[in-house]
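**Q** Questions regarding the structure given below will be posed in turn.
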Amino acid sequence: MPDVDLKPYLQTVKTYLARPWQQFSTAVFLENYIADFVQRDGYMIWSKEQPNIEHPYFAEFGNTGPGANATARVYWAKGLISKKAASIFTAERFIDASTWLPATGIPYDHGFTST
């Protein structure tokens, strides 16, 4: 959901899930609520001069909400992935979260909330 300060601009500013800032950029969205203000195509090029669309890995799994329909995402995004493919991006598997994150006080999910 947007920050309260951004709410007045939701209809005038386009919002995307991610942009490929470098070759092989990665963004994976797991079990998020995606609101309707997110653009249907989901992702935006970095710039006209350097779009970086050859090798990004932009994927989604288990998202809900009116903006979660991935059927109209850009052609260069990975799109929906399986639970098995998504599992390597959970906090525990990706950054070994249980070994250090609890000490920070930052809340996180160990794995998937859905079955």
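In the structure tokens, chains take the letters A, B, ... in the order shown, each chain's residues start at 1, and ligands count up from 1 in the order shown.
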Could you pull the residues within 10 Å of A:Pro56, counting only C-alpha atoms, minus those fewer than 6 positions along the same chain, as a ChimeraX atom specification?
**A** /A:19-27,76-78
**Q** How would the residues just picked look written out with C-alpha atoms as a PDB file, in the first residue's frame?
**A**
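The new file out-v8.pdb reads:
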```pdb
ATOM      1  CA  ARG A  19      12.695  -1.340 -12.900  1.00  0.00           C
ATOM      2  CA  PRO A  20      15.796  -3.184 -14.158  1.00  0.00           C
ATOM      3  CA  TRP A  21      18.547  -0.803 -13.053  1.00  0.00           C
ATOM      4  CA  GLN A  22      21.303  -3.124 -14.327  1.00  0.00           C
ATOM      5  CA  GLN A  23      21.649  -6.265 -16.443  1.00  0.00           C
ATOM      6  CA  PHE A  24      20.385  -9.322 -14.537  1.00  0.00           C
ATOM      7  CA  SER A  25      18.342  -7.214 -12.106  1.00  0.00           C
ATOM      8  CA  THR A  26      16.144  -9.369  -9.894  1.00  0.00           C
ATOM      9  CA  ALA A  27      12.860  -8.596  -8.170  1.00  0.00           C
ATOM     10  CA  TRP A  76      10.378  -9.408 -20.690  1.00  0.00           C
ATOM     11  CA  ALA A  77       9.289 -10.264 -17.144  1.00  0.00           C
ATOM     12  CA  LYS A  78       9.380 -13.896 -15.993  1.00  0.00           C
TER      13      LYS A  78
END
```
**Q** I'd like to know which of A:Ile34, A:Ala86, A:Ile53, A:Ile45 is closest to A:Ala70, using only C-alpha atoms.
**A**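 So, comparing all the options, the nearest one is A:Ile34.
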**Q** Which residue gives the smallest distance to A:Asn69 among A:Ala18, A:Val4, A:Ala103, A:Ala35, with only C-alpha atoms counted?
**A**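 Of the candidates, the smallest distance to A:Asn69 is held by A:Ala35.
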**Q** Near A:Gly62, counting only C-alpha atoms, which residues have an atom at most 12 Å away, once you skip same-chain residues fewer than 5 positions from it, shown as an MDAnalysis selection string?
**A** chainID A and resid 28:34 68:70 79:87 112:115
**Q** Output C-alpha atoms for every residue in that selection, as a CSV table (one decimal), in the first residue's frame.
**A**
```csv
chain,number,residue,atom,x,y,z
A,28,VAL,CA,10.6,-11.3,-6.9
A,29,PHE,CA,7.2,-10.6,-5.2
A,30,LEU,CA,6.0,-13.3,-2.9
A,31,GLU,CA,2.6,-13.3,-1.3
A,32,ASN,CA,2.0,-9.6,-1.4
A,33,TYR,CA,-1.2,-7.6,-1.6
A,34,ILE,CA,-0.9,-5.6,-4.8
A,68,ALA,CA,-1.9,-9.0,-8.7
A,69,ASN,CA,-3.2,-10.2,-12.1
A,70,ALA,CA,0.0,-10.9,-13.9
A,79,GLY,CA,5.8,-13.6,-14.8
A,80,LEU,CA,4.2,-16.2,-12.5
A,81,ILE,CA,6.5,-18.8,-11.1
A,82,SER,CA,5.9,-22.1,-9.2
A,83,LYS,CA,6.0,-22.4,-5.5
A,84,LYS,CA,9.2,-24.5,-5.9
A,85,ALA,CA,10.9,-21.8,-8.0
A,86,ALA,CA,9.7,-19.1,-5.5
A,87,SER,CA,11.0,-20.9,-2.5
A,112,PHE,CA,5.3,-19.2,2.6
A,113,THR,CA,2.0,-18.4,4.4
A,114,SER,CA,-0.1,-20.3,1.8
A,115,THR,CA,0.0,-24.0,1.3
```
**Q** When DSSP works through the backbone of this structure, what residues of chain A end up as helix (DSSP H, G or I), shown as a ChimeraX atom specification?
**A** /A:4-9,70-72,83-87,91-95,97-99,102-104
**Q** Just to be explicit: take each residue in the selection above, keep N, CA, C and O atoms, and write the result as a compact mmCIF listing (two decimals), in the first residue's frame.
**A**
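Contents of the output file part_12.txt:
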```
# COMPACT_ATOMS: atom_id res chain seq x y z
N VAL A 4 0.90 7.28 3.09
CA VAL A 4 -0.22 8.20 3.18
C VAL A 4 0.05 9.50 2.41
O VAL A 4 -0.86 10.09 1.84
N ASP A 5 1.31 9.93 2.37
CA ASP A 5 1.65 11.16 1.65
C ASP A 5 1.51 11.02 0.14
O ASP A 5 1.41 12.02 -0.58
N LEU A 6 1.52 9.79 -0.36
CA LEU A 6 1.42 9.56 -1.80
C LEU A 6 -0.02 9.39 -2.29
O LEU A 6 -0.29 9.48 -3.48
N LYS A 7 -0.94 9.14 -1.40
CA LYS A 7 -2.33 8.86 -1.79
C LYS A 7 -2.94 9.93 -2.69
O LYS A 7 -3.63 9.60 -3.64
N PRO A 8 -2.70 11.22 -2.47
CA PRO A 8 -3.30 12.22 -3.36
C PRO A 8 -2.81 12.14 -4.81
O PRO A 8 -3.43 12.67 -5.71
N TYR A 9 -1.70 11.45 -5.03
CA TYR A 9 -1.10 11.40 -6.36
C TYR A 9 -1.31 10.08 -7.09
O TYR A 9 -0.80 9.89 -8.19
N ALA A 70 -1.21 -11.01 -13.21
CA ALA A 70 0.04 -10.89 -13.95
C ALA A 70 -0.10 -11.15 -15.45
O ALA A 70 0.89 -11.15 -16.16
N THR A 71 -1.31 -11.31 -15.95
CA THR A 71 -1.48 -11.65 -17.37
C THR A 71 -1.09 -10.52 -18.31
O THR A 71 -0.79 -10.78 -19.47
N ALA A 72 -1.06 -9.29 -17.85
CA ALA A 72 -0.72 -8.17 -18.73
C ALA A 72 0.67 -7.60 -18.44
O ALA A 72 0.99 -6.51 -18.88
N LYS A 83 5.65 -22.52 -6.88
CA LYS A 83 6.04 -22.41 -5.47
C LYS A 83 7.48 -22.91 -5.27
O LYS A 83 8.25 -22.31 -4.52
N LYS A 84 7.84 -23.95 -5.99
CA LYS A 84 9.21 -24.47 -5.88
C LYS A 84 10.22 -23.43 -6.34
O LYS A 84 11.23 -23.20 -5.67
N ALA A 85 9.96 -22.79 -7.48
CA ALA A 85 10.87 -21.75 -7.98
C ALA A 85 10.91 -20.56 -7.04
O ALA A 85 11.97 -19.96 -6.83
N ALA A 86 9.77 -20.22 -6.45
CA ALA A 86 9.69 -19.07 -5.55
C ALA A 86 10.37 -19.35 -4.21
O ALA A 86 10.85 -18.42 -3.56
N SER A 87 10.45 -20.61 -3.81
CA SER A 87 10.96 -20.95 -2.47
C SER A 87 12.40 -20.49 -2.24
O SER A 87 12.77 -20.21 -1.11
N ALA A 91 12.84 -15.51 2.82
CA ALA A 91 13.87 -14.91 3.68
C ALA A 91 14.83 -15.96 4.22
O ALA A 91 16.03 -15.74 4.27
N GLU A 92 14.30 -17.09 4.61
CA GLU A 92 15.16 -18.12 5.20
C GLU A 92 16.16 -18.67 4.19
O GLU A 92 17.36 -18.74 4.45
N ARG A 93 15.67 -19.03 3.04
CA ARG A 93 16.57 -19.64 2.04
C ARG A 93 17.47 -18.62 1.36
O ARG A 93 18.60 -18.91 1.03
N PHE A 94 16.97 -17.43 1.15
CA PHE A 94 17.73 -16.44 0.38
C PHE A 94 18.84 -15.77 1.20
O PHE A 94 19.94 -15.55 0.70
N ILE A 95 18.52 -15.43 2.46
CA ILE A 95 19.50 -14.71 3.28
C ILE A 95 19.76 -15.38 4.64
O ILE A 95 20.32 -14.76 5.53
N ALA A 97 17.86 -16.06 7.08
CA ALA A 97 17.30 -15.06 7.98
C ALA A 97 17.29 -15.44 9.46
O ALA A 97 17.55 -14.60 10.31
N SER A 98 17.01 -16.68 9.78
CA SER A 98 16.88 -17.06 11.19
C SER A 98 18.19 -16.93 11.96
O SER A 98 18.18 -16.88 13.19
N THR A 99 19.31 -16.85 11.26
CA THR A 99 20.59 -16.75 11.96
C THR A 99 20.94 -15.33 12.39
O THR A 99 21.85 -15.15 13.20
N PRO A 102 16.29 -12.09 13.57
CA PRO A 102 15.56 -11.88 14.83
C PRO A 102 16.24 -10.86 15.75
O PRO A 102 15.55 -10.08 16.42
N ALA A 103 17.54 -10.81 15.76
CA ALA A 103 18.26 -9.86 16.64
C ALA A 103 18.02 -8.41 16.24
O ALA A 103 18.18 -7.51 17.05
N THR A 104 17.60 -8.18 15.01
CA THR A 104 17.35 -6.81 14.55
C THR A 104 15.98 -6.30 14.95
O THR A 104 15.73 -5.11 14.91
```
**Q** Could you tell me, as a list in words, which residues of chain A DSSP assigns to strand (DSSP E or B) when given the backbone?
**A**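 Listing strand (DSSP E or B) positions across chain A yields Thr15, Ala18, Thr26, Ala27, Val28, Phe29, Leu30, Tyr33, Val38, Tyr43, Tyr57, Phe58, Ala59, Glu60, Phe61, Thr64, Gly79 and Leu80 of chain A.
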**Q** Would you please work out which residue, of A:Tyr43, A:Tyr57, A:Trp100, A:Tyr108, is nearest to A:Leu17 when using only C-alpha atoms?
**A**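 Among the listed residues, A:Tyr43 lies closest to A:Leu17.
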**Q** Could you tell me how far atom CA of A:Arg73 sits from atom CA of A:Phe61, in Å to one decimal place?
**A**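 One can read the atom CA of A:Phe61 to atom CA of A:Arg73 distance as 13.5 Å.
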**Q** Rounded to one decimal in Å, what is the spacing between atom CA of A:Lys48 and atom CA of A:Tyr16?
**A**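 So the two atoms, atom CA of A:Lys48 and atom CA of A:Tyr16, lie 16.3 Å apart.
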**Q** Kindly give the distance, in Å, that separates atom CA of A:Asp41 and atom CA of A:Glu54, rounded to a single decimal.
**A** 16.7 Å
